[in-house]
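For reference, the structure discussed in these notes is given below.
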Amino acid sequence: MGTSLESYDFYLFAYFSAFFAGPLFFSGFGEVGEDIAALLTIGVAFVIRPIGAIIFGHLGDRLGRRRTLIVTITMMGVATGLIGVLPTYDQVGWLAAALLILLRLVQGISLGGEWGGAILIATEHESRAKRAFAAAMPQLGSPIGSILSAVAFIWLTLSLTSAEITEWAWRIPFLTAIPLLAVSLYLRLAVTETPVFESVKKAQRRPKVPIAALLRAQPTAVVVAIGVALLGIGSYSLMNTYTLNYGNAVLGFDYYQLLIATTIGGLLQLVTIPLFGAWATRIGSGMVVAIGALGTLLVAFPLYYFLQFADFGVLVAMMVIGGILPTMSWAALGGIFTELFDERYRYSALSFAYALSAAVAGFVPGLTAVLGEQTGNAWWHPGIVLAAMSLITLVASLVAIRMRVDKDEDAGVPLD
């Protein structure tokens with residue numbers, strides 16, 4: 001529930017940026033500039049994420065996973081709700097853009113500590129044999145958040161005119177974050193601390209500065225983990241943000257068609273993520289990540305080639321294919337991350353490596369837009385980006401398989 005709310009809040013802005021943020025907050029840049037500025041605003045939250053990862057990683061390794069997750073969800077929910085009451089560029093000029101960027105920074109700091117904690121709450125309550133599957137469960141939050149946010153904007157586009165949405169209705173999805181926050185807080189307050197952390201705490205094995213301990217002991221593992229995560233994070237940025245904007249502005253699809261196609265892909269992920277998580281318990285999380293990266297590499301260029309001539313049915317098929325294969329790498333990501341790092345500083349490790357990868361991936365929509373501008377929107381320009389991310393993740397996952405560490409024999413958790 002918590003990761004779903006975090007993803008819902010974050011994807012709301014992704015859809016908002018693809019369609020409305022430019023004219024509402026960056027119209028001073030002109031028609032092309034406002035689109036690029038809106039897409040780059042997504043990247044602002046990703047750039048700040050490593051700082052959030054360091055802060056909340058420290059709290060998670062020193063004070064506990066549960067307390068930290070309560071703080072992160074509160075920050076995200078409040079920041080998202082406040083976006084819904086912001087003035088626009090027409091009302092207050094560049095102050096509107098500055099306030100929007102400030103709230104995006106708060107979202108990014110929050111998200112920096114969210115993912116690692118959610119993975120650890122899931123895996124550190126489980127035996128080692130079941131951890132790959134348990135690690136896939138928080139990954140469901142991303143498609144659930146994507147579905148909910150897409151449905152919100154589908155409802156807007158089908159129920160109201162573009163003028164009404166631009167004038168006032170775009171605020172509604174953001175304001176829904178407040179009641180959803182109340183539900184998530186209620187559930188997170190009921191979660192118990194993990195046995196792994198309690199054991200480390202009892203044995204007085206907590207490092208004073210977890211991030212420093214991580215960088216001294218496993219710097220190479222951090223670099224490898226960044227590469228492992230790139231496709232799983234970056235493909236969402238490419239497919240759910242840039243491709244929506246590109247499909248509407250260049251290929252001529254309607255907003256609601258693109259949102260429906262994305263939602264169908266998200267619904268399928270509700271099935272495939274648990275299946276890939278179960279598969280990871282049989283062949284290993286690293287191998288599932290590698291297979292997903294290889295599959296995505298093979299379809300990257302055909303995917304965007306066929307989109308040039310697609311009707312709605314082909315659009316749905318392409319978005320599904322473009323979502324399912326990277327989902328393999330996404331579903332198994334938490335499992336291989338957990339295997340890579342020592343439990344004493346694992347919150348910091350997961351959060352920091354994931355945040356650094358997300359900082360790179362956050363600029364995927366904006367950089368792809370610039371590449372499209374430079375190439376005259378050649379059909380292959382998004383394929384280059386998707387193929388590059390796939391290749392990096394493929395190589396990194398194969399290295400990660402050889403680097404796995406299993407140190408929880410001393411953590412008081414059954415290993416069967």
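Convention: chains lettered A, B, ... in structure tokens order; per-chain residue numbering from 1; ligands numbered from 1 as shown.
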Non-local contacts of region 128-137 of chain A (7 Å; only C-alpha atoms; under 5 positions in same chain excluded) as a PDB file with N, CA and C atoms, in the first residue's frame:
```pdb
ATOM      1  N   ILE A 119      11.511  -2.741   0.414  1.00  0.00           N
ATOM      2  CA  ILE A 119      12.106  -4.031   0.072  1.00  0.00           C
ATOM      3  C   ILE A 119      12.557  -4.766   1.340  1.00  0.00           C
ATOM      4  N   ALA A 122       9.783  -6.231   3.433  1.00  0.00           N
ATOM      5  CA  ALA A 122       9.271  -7.458   2.815  1.00  0.00           C
ATOM      6  C   ALA A 122      10.233  -8.622   2.984  1.00  0.00           C
ATOM      7  N   THR A 123      11.526  -8.403   2.703  1.00  0.00           N
ATOM      8  CA  THR A 123      12.470  -9.523   2.660  1.00  0.00           C
ATOM      9  C   THR A 123      12.987  -9.929   4.030  1.00  0.00           C
ATOM     10  N   ILE A 273       4.514  -9.567 -12.377  1.00  0.00           N
ATOM     11  CA  ILE A 273       5.501  -9.309 -11.323  1.00  0.00           C
ATOM     12  C   ILE A 273       5.562 -10.455 -10.305  1.00  0.00           C
ATOM     13  N   PRO A 274       4.422 -10.920  -9.752  1.00  0.00           N
ATOM     14  CA  PRO A 274       4.514 -12.082  -8.858  1.00  0.00           C
ATOM     15  C   PRO A 274       5.054 -13.329  -9.563  1.00  0.00           C
ATOM     16  N   GLY A 277       8.681 -12.930  -9.800  1.00  0.00           N
ATOM     17  CA  GLY A 277       9.241 -13.106  -8.466  1.00  0.00           C
ATOM     18  C   GLY A 277       9.336 -14.569  -8.080  1.00  0.00           C
ATOM     19  N   ALA A 278       8.305 -15.343  -8.422  1.00  0.00           N
ATOM     20  CA  ALA A 278       8.341 -16.784  -8.155  1.00  0.00           C
ATOM     21  C   ALA A 278       9.424 -17.460  -8.986  1.00  0.00           C
ATOM     22  N   ALA A 280      12.152 -16.099  -9.915  1.00  0.00           N
ATOM     23  CA  ALA A 280      13.439 -15.725  -9.328  1.00  0.00           C
ATOM     24  C   ALA A 280      13.828 -16.648  -8.176  1.00  0.00           C
ATOM     25  N   THR A 281      12.846 -17.203  -7.464  1.00  0.00           N
ATOM     26  CA  THR A 281      13.173 -18.140  -6.389  1.00  0.00           C
ATOM     27  C   THR A 281      13.725 -19.452  -6.945  1.00  0.00           C
ATOM     28  N   SER A 285      17.442 -14.238  -8.725  1.00  0.00           N
ATOM     29  CA  SER A 285      16.986 -12.904  -9.101  1.00  0.00           C
ATOM     30  C   SER A 285      17.853 -12.283 -10.185  1.00  0.00           C
ATOM     31  N   ALA A 331      10.951  -6.678 -11.522  1.00  0.00           N
ATOM     32  CA  ALA A 331      10.410  -7.586 -10.504  1.00  0.00           C
ATOM     33  C   ALA A 331      11.503  -8.211  -9.657  1.00  0.00           C
ATOM     34  N   ALA A 332      12.627  -8.532 -10.272  1.00  0.00           N
ATOM     35  CA  ALA A 332      13.707  -9.232  -9.566  1.00  0.00           C
ATOM     36  C   ALA A 332      14.751  -8.287  -8.989  1.00  0.00           C
ATOM     37  N   GLY A 334      14.740  -6.050  -6.443  1.00  0.00           N
ATOM     38  CA  GLY A 334      14.899  -6.051  -4.997  1.00  0.00           C
ATOM     39  C   GLY A 334      15.606  -7.294  -4.494  1.00  0.00           C
ATOM     40  N   GLY A 335      15.353  -8.430  -5.157  1.00  0.00           N
ATOM     41  CA  GLY A 335      15.987  -9.669  -4.748  1.00  0.00           C
ATOM     42  C   GLY A 335      17.491  -9.642  -4.922  1.00  0.00           C
ATOM     43  N   LEU A 415      17.049 -19.815   7.456  1.00  0.00           N
ATOM     44  CA  LEU A 415      17.597 -19.774   6.108  1.00  0.00           C
ATOM     45  C   LEU A 415      16.936 -20.724   5.145  1.00  0.00           C
ATOM     46  N   ASP A 416      16.020 -21.582   5.587  1.00  0.00           N
ATOM     47  CA  ASP A 416      15.481 -22.587   4.685  1.00  0.00           C
ATOM     48  C   ASP A 416      14.510 -21.970   3.691  1.00  0.00           C
TER      49      ASP A 416
END
```
Give me the residues within 6 Å of region 303-309 of chain A as a PyMOL selection string, counting only C-alpha atoms and dropping any in the same chain fewer than 2 places off. chain A and resi 299-301+318+379
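Taking only C-alpha atoms into account, Arg49 (chain A) lies nearest to A:Ala355 out of the set A:Leu350, A:Ala355, A:Leu391, A:Val151.
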Give me the region 202-247 of chain A side of the contact with region 51-72 of chain A, cut-off 12 Å, one line per residue showing its nearest atom pair and distance in Å at one decimal, counting only C-alpha atoms, sorted by chain and residue number, as CSV.
```
residue,atom,partner,partner_atom,distance
A:Lys202,CA,A:Arg62,CA,11.9
A:Gln204,CA,A:Arg62,CA,10.5
A:Arg205,CA,A:Arg62,CA,10.0
A:Arg206,CA,A:Arg62,CA,6.4
A:Pro207,CA,A:Arg62,CA,7.7
A:Lys208,CA,A:Arg62,CA,7.7
A:Val209,CA,A:His58,CA,6.9
A:Pro210,CA,A:His58,CA,5.9
A:Ile211,CA,A:Ile54,CA,6.7
A:Ala212,CA,A:His58,CA,9.9
A:Ala213,CA,A:His58,CA,10.8
A:Leu214,CA,A:Gly57,CA,10.8
A:Leu215,CA,A:Ile54,CA,11.8
```
Would you export the selected residues with all heavy atoms as a compact mmCIF listing (two decimals), in the first residue's frame, please?
```txt
# COMPACT_ATOMS: atom_id res chain seq x y z
N LYS A 202 20.44 -5.65 18.52
CA LYS A 202 20.72 -6.35 19.78
C LYS A 202 22.20 -6.71 19.91
O LYS A 202 22.77 -6.65 21.00
CB LYS A 202 19.86 -7.61 19.86
CG LYS A 202 20.00 -8.38 21.16
CD LYS A 202 19.06 -9.56 21.20
CE LYS A 202 19.20 -10.33 22.51
NZ LYS A 202 18.27 -11.51 22.56
N GLN A 204 24.57 -5.04 18.71
CA GLN A 204 25.33 -3.79 18.65
C GLN A 204 26.26 -3.76 17.45
O GLN A 204 27.43 -3.36 17.54
CB GLN A 204 26.10 -3.57 19.95
CG GLN A 204 25.21 -3.44 21.18
CD GLN A 204 25.98 -3.14 22.45
OE1 GLN A 204 27.18 -3.32 22.52
NE2 GLN A 204 25.27 -2.67 23.47
N ARG A 205 25.71 -4.17 16.30
CA ARG A 205 26.50 -4.23 15.06
C ARG A 205 26.16 -3.08 14.11
O ARG A 205 26.64 -3.04 12.98
CB ARG A 205 26.25 -5.56 14.35
CG ARG A 205 26.68 -6.77 15.17
CD ARG A 205 26.32 -8.07 14.47
NE ARG A 205 26.99 -8.17 13.18
CZ ARG A 205 26.39 -8.52 12.05
NH1 ARG A 205 25.10 -8.77 12.04
NH2 ARG A 205 27.08 -8.61 10.93
N ARG A 206 25.33 -2.14 14.56
CA ARG A 206 24.98 -1.02 13.69
C ARG A 206 26.16 -0.08 13.50
O ARG A 206 26.73 0.39 14.50
CB ARG A 206 23.80 -0.24 14.27
CG ARG A 206 22.48 -0.98 14.27
CD ARG A 206 21.41 -0.17 15.01
NE ARG A 206 21.71 -0.05 16.43
CZ ARG A 206 21.06 0.72 17.29
NH1 ARG A 206 20.05 1.46 16.85
NH2 ARG A 206 21.39 0.76 18.56
N PRO A 207 26.55 0.24 12.26
CA PRO A 207 27.63 1.21 12.07
C PRO A 207 27.17 2.61 12.42
O PRO A 207 26.00 2.96 12.25
CB PRO A 207 27.94 1.09 10.57
CG PRO A 207 26.69 0.54 9.96
CD PRO A 207 26.05 -0.32 11.00
N LYS A 208 28.10 3.44 12.92
CA LYS A 208 27.74 4.82 13.28
C LYS A 208 27.35 5.64 12.05
O LYS A 208 26.43 6.46 12.12
CB LYS A 208 28.90 5.47 14.02
CG LYS A 208 29.17 4.90 15.40
CD LYS A 208 30.26 5.66 16.12
CE LYS A 208 30.47 5.10 17.53
NZ LYS A 208 31.56 5.83 18.26
N VAL A 209 28.05 5.42 10.96
CA VAL A 209 27.74 6.13 9.71
C VAL A 209 27.58 5.06 8.63
O VAL A 209 28.56 4.67 7.99
CB VAL A 209 28.84 7.14 9.32
CG1 VAL A 209 28.42 7.93 8.07
CG2 VAL A 209 29.15 8.07 10.48
N PRO A 210 26.36 4.56 8.43
CA PRO A 210 26.16 3.43 7.52
C PRO A 210 26.66 3.67 6.10
O PRO A 210 27.25 2.77 5.49
CB PRO A 210 24.64 3.24 7.55
CG PRO A 210 24.21 3.80 8.87
CD PRO A 210 25.12 4.94 9.13
N ILE A 211 26.45 4.87 5.55
CA ILE A 211 26.87 5.13 4.17
C ILE A 211 28.39 5.05 4.05
O ILE A 211 28.92 4.56 3.04
CB ILE A 211 26.34 6.49 3.67
CG1 ILE A 211 26.60 6.67 2.18
CG2 ILE A 211 26.95 7.63 4.46
CD1 ILE A 211 25.82 5.74 1.31
N ALA A 212 29.11 5.51 5.08
CA ALA A 212 30.57 5.42 5.07
C ALA A 212 31.02 3.97 5.14
O ALA A 212 31.96 3.56 4.43
CB ALA A 212 31.15 6.23 6.22
N ALA A 213 30.35 3.19 5.97
CA ALA A 213 30.69 1.77 6.07
C ALA A 213 30.44 1.05 4.74
O ALA A 213 31.23 0.21 4.32
CB ALA A 213 29.87 1.12 7.18
N LEU A 214 29.36 1.41 4.10
CA LEU A 214 29.04 0.82 2.80
C LEU A 214 30.12 1.14 1.77
O LEU A 214 30.61 0.24 1.06
CB LEU A 214 27.69 1.36 2.31
CG LEU A 214 27.37 1.17 0.83
CD1 LEU A 214 27.17 -0.30 0.50
CD2 LEU A 214 26.14 1.97 0.44
N LEU A 215 30.50 2.41 1.67
CA LEU A 215 31.46 2.81 0.64
C LEU A 215 32.86 2.29 0.92
O LEU A 215 33.64 2.09 -0.02
CB LEU A 215 31.47 4.34 0.52
CG LEU A 215 30.15 4.96 0.03
CD1 LEU A 215 30.24 6.47 0.01
CD2 LEU A 215 29.78 4.42 -1.35
```
For Val360 (chain A): contacts at 12 Å, only C-alpha atoms, fewer than 5 positions along chain excluded, given as JSON, numbers by chain: {"A": [40, 42, 43, 44, 45, 46, 47, 48, 49, 50, 226, 227, 229, 230, 231, 233, 234, 235, 237, 353, 354, 355, 365, 366, 367, 389]}
Within 7 Å of Ile83 (chain A), counting only C-alpha atoms, which residues show up once you throw out same-chain ones fewer than 4 positions away? Write them as a compact mmCIF listing (two decimals) with N, CA and C atoms, in the first residue's frame, please.
```txt
# COMPACT_ATOMS: atom_id res chain seq x y z
N ALA A 79 3.48 16.59 0.07
CA ALA A 79 4.02 17.33 -1.08
C ALA A 79 3.11 17.20 -2.29
N LEU A 100 6.69 24.63 -7.77
CA LEU A 100 6.53 23.27 -8.29
C LEU A 100 7.83 22.49 -8.15
N LEU A 103 8.46 21.45 -4.48
CA LEU A 103 7.68 20.28 -4.05
C LEU A 103 8.19 19.02 -4.71
N PHE A 174 -4.12 15.26 -7.70
CA PHE A 174 -3.13 15.55 -6.67
C PHE A 174 -3.75 15.65 -5.28
```
Residue list (alpha helix (DSSP H), DSSP) for region 187-264 of chain A, as a ChimeraX atom specification: /A:187-189,195-202,210-217,219-237,243-249,255-264
Which residues are close to Leu187 (chain A), i.e. within 12 Å by only C-alpha atoms, leaving aside same-chain residues fewer than 6 positions away? Reply as an MDAnalysis selection string. chainID A and resid 1:3 5 66 69:70 73 180:181
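If you look at CA of Thr161 (chain A) and CA of Thr243 (chain A), they are 22.7 Å away from each other.
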May I ask for the distance between CA of Leu340 (chain A) and CA of Thr296 (chain A), given in Å to one decimal place?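 It comes out at 23.6 Å.
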Using only C-alpha atoms, pick whichever of A:Ile165, A:Leu386, A:Leu333, A:Val316 has the shortest atom-to-atom distance to Ala361 (chain A).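 Of A:Ile165, A:Leu386, A:Leu333, A:Val316, the one nearest Ala361 (chain A), counting only C-alpha atoms, is A:Leu386.
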Can you work out which one of A:Ser351, A:Gln107, A:Ser357, A:Ser146 has the shortest atom-to-atom distance to Thr393 (chain A), counting only C-alpha atoms? A:Ser357
Contact residues around Leu82 (chain A) with only C-alpha atoms at 12 Å, ignoring same-chain residues under 3 positions, as a list of chain:residue names: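 Once the adjacent positions are removed, what remains is A:Asp9, A:Met75, A:Met76, A:Gly77, A:Val78, A:Ala79, A:Val85, A:Leu86, A:Pro87, A:Leu99, A:Leu100, A:Ile101, A:Leu102, A:Leu103, A:Arg104, A:Val106, A:Gln107, A:Arg171, A:Ile172, A:Pro173, A:Phe174, A:Leu175, A:Thr176, A:Ala177, A:Ile178.
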Would you export the selected residues with N, CA, C and O atoms as an mmCIF file, in the first residue's frame, please?
```cif
data_model
loop_
_atom_site.group_PDB
_atom_site.id
_atom_site.type_symbol
_atom_site.label_atom_id
_atom_site.label_comp_id
_atom_site.auth_asym_id
_atom_site.auth_seq_id
_atom_site.Cartn_x
_atom_site.Cartn_y
_atom_site.Cartn_z
ATOM 1 N N ASP A 9 1.633 8.965 -6.403
ATOM 2 C CA ASP A 9 2.003 10.370 -6.306
ATOM 3 C C ASP A 9 3.025 10.738 -7.374
ATOM 4 O O ASP A 9 2.939 11.789 -8.020
ATOM 5 N N MET A 75 5.925 12.629 3.976
ATOM 6 C CA MET A 75 6.493 13.681 3.132
ATOM 7 C C MET A 75 5.930 13.626 1.717
ATOM 8 O O MET A 75 5.563 14.653 1.137
ATOM 9 N N MET A 76 5.864 12.424 1.154
ATOM 10 C CA MET A 76 5.383 12.291 -0.221
ATOM 11 C C MET A 76 3.920 12.706 -0.335
ATOM 12 O O MET A 76 3.539 13.457 -1.241
ATOM 13 N N GLY A 77 3.077 12.231 0.572
ATOM 14 C CA GLY A 77 1.655 12.542 0.503
ATOM 15 C C GLY A 77 1.365 14.023 0.647
ATOM 16 O O GLY A 77 0.547 14.583 -0.092
ATOM 17 N N VAL A 78 2.042 14.679 1.583
ATOM 18 C CA VAL A 78 1.822 16.106 1.801
ATOM 19 C C VAL A 78 2.301 16.917 0.596
ATOM 20 O O VAL A 78 1.617 17.835 0.126
ATOM 21 N N ALA A 79 3.484 16.593 0.069
ATOM 22 C CA ALA A 79 4.022 17.331 -1.079
ATOM 23 C C ALA A 79 3.114 17.196 -2.292
ATOM 24 O O ALA A 79 2.865 18.163 -3.023
ATOM 25 N N VAL A 85 -2.676 22.562 -5.097
ATOM 26 C CA VAL A 85 -3.164 23.909 -4.765
ATOM 27 C C VAL A 85 -2.209 25.008 -5.246
ATOM 28 O O VAL A 85 -2.370 26.176 -4.888
ATOM 29 N N LEU A 86 -1.226 24.650 -6.074
ATOM 30 C CA LEU A 86 -0.263 25.641 -6.544
ATOM 31 C C LEU A 86 -0.898 26.635 -7.518
ATOM 32 O O LEU A 86 -1.762 26.277 -8.318
ATOM 33 N N PRO A 87 -0.451 27.895 -7.494
ATOM 34 C CA PRO A 87 -0.830 28.843 -8.556
ATOM 35 C C PRO A 87 -0.072 28.489 -9.837
ATOM 36 O O PRO A 87 0.948 27.786 -9.794
ATOM 37 N N LEU A 99 7.895 27.039 -7.083
ATOM 38 C CA LEU A 99 7.189 26.268 -6.052
ATOM 39 C C LEU A 99 6.991 24.819 -6.493
ATOM 40 O O LEU A 99 7.106 23.885 -5.681
ATOM 41 N N LEU A 100 6.695 24.626 -7.769
ATOM 42 C CA LEU A 100 6.535 23.265 -8.288
ATOM 43 C C LEU A 100 7.835 22.485 -8.147
ATOM 44 O O LEU A 100 7.833 21.327 -7.698
ATOM 45 N N ILE A 101 8.933 23.100 -8.512
ATOM 46 C CA ILE A 101 10.231 22.430 -8.403
ATOM 47 C C ILE A 101 10.565 22.128 -6.945
ATOM 48 O O ILE A 101 11.097 21.058 -6.622
ATOM 49 N N LEU A 102 10.221 23.049 -6.024
ATOM 50 C CA LEU A 102 10.466 22.818 -4.596
ATOM 51 C C LEU A 102 9.723 21.583 -4.107
ATOM 52 O O LEU A 102 10.293 20.737 -3.392
ATOM 53 N N LEU A 103 8.455 21.452 -4.475
ATOM 54 C CA LEU A 103 7.682 20.283 -4.050
ATOM 55 C C LEU A 103 8.187 19.019 -4.714
ATOM 56 O O LEU A 103 8.127 17.929 -4.122
ATOM 57 N N ARG A 104 8.682 19.131 -5.942
ATOM 58 C CA ARG A 104 9.300 17.968 -6.577
ATOM 59 C C ARG A 104 10.550 17.537 -5.816
ATOM 60 O O ARG A 104 10.836 16.348 -5.709
ATOM 61 N N VAL A 106 10.972 17.828 -2.563
ATOM 62 C CA VAL A 106 10.479 17.117 -1.377
ATOM 63 C C VAL A 106 10.059 15.699 -1.751
ATOM 64 O O VAL A 106 10.366 14.727 -1.040
ATOM 65 N N GLN A 107 9.356 15.558 -2.871
ATOM 66 C CA GLN A 107 8.985 14.227 -3.340
ATOM 67 C C GLN A 107 10.219 13.360 -3.566
ATOM 68 O O GLN A 107 10.249 12.184 -3.206
ATOM 69 N N ARG A 171 -6.030 19.648 -10.854
ATOM 70 C CA ARG A 171 -5.696 19.634 -9.431
ATOM 71 C C ARG A 171 -6.289 18.427 -8.694
ATOM 72 O O ARG A 171 -5.747 17.994 -7.662
ATOM 73 N N ILE A 172 -7.384 17.889 -9.187
ATOM 74 C CA ILE A 172 -8.120 16.857 -8.454
ATOM 75 C C ILE A 172 -7.269 15.629 -8.143
ATOM 76 O O ILE A 172 -7.242 15.167 -6.986
ATOM 77 N N PRO A 173 -6.562 15.038 -9.116
ATOM 78 C CA PRO A 173 -5.776 13.837 -8.788
ATOM 79 C C PRO A 173 -4.739 14.083 -7.698
ATOM 80 O O PRO A 173 -4.503 13.211 -6.853
ATOM 81 N N PHE A 174 -4.121 15.259 -7.698
ATOM 82 C CA PHE A 174 -3.126 15.555 -6.671
ATOM 83 C C PHE A 174 -3.749 15.650 -5.284
ATOM 84 O O PHE A 174 -3.166 15.205 -4.289
ATOM 85 N N LEU A 175 -4.934 16.221 -5.209
ATOM 86 C CA LEU A 175 -5.598 16.364 -3.908
ATOM 87 C C LEU A 175 -6.040 15.031 -3.327
ATOM 88 O O LEU A 175 -6.178 14.890 -2.106
ATOM 89 N N THR A 176 -6.246 14.026 -4.178
ATOM 90 C CA THR A 176 -6.630 12.701 -3.661
ATOM 91 C C THR A 176 -5.506 12.049 -2.862
ATOM 92 O O THR A 176 -5.739 11.069 -2.144
ATOM 93 N N ALA A 177 -4.290 12.578 -2.973
ATOM 94 C CA ALA A 177 -3.175 12.000 -2.218
ATOM 95 C C ALA A 177 -3.374 12.119 -0.708
ATOM 96 O O ALA A 177 -2.837 11.302 0.047
ATOM 97 N N ILE A 178 -4.127 13.114 -0.264
ATOM 98 C CA ILE A 178 -4.284 13.329 1.176
ATOM 99 C C ILE A 178 -5.072 12.200 1.847
ATOM 100 O O ILE A 178 -4.600 11.616 2.833
#
```
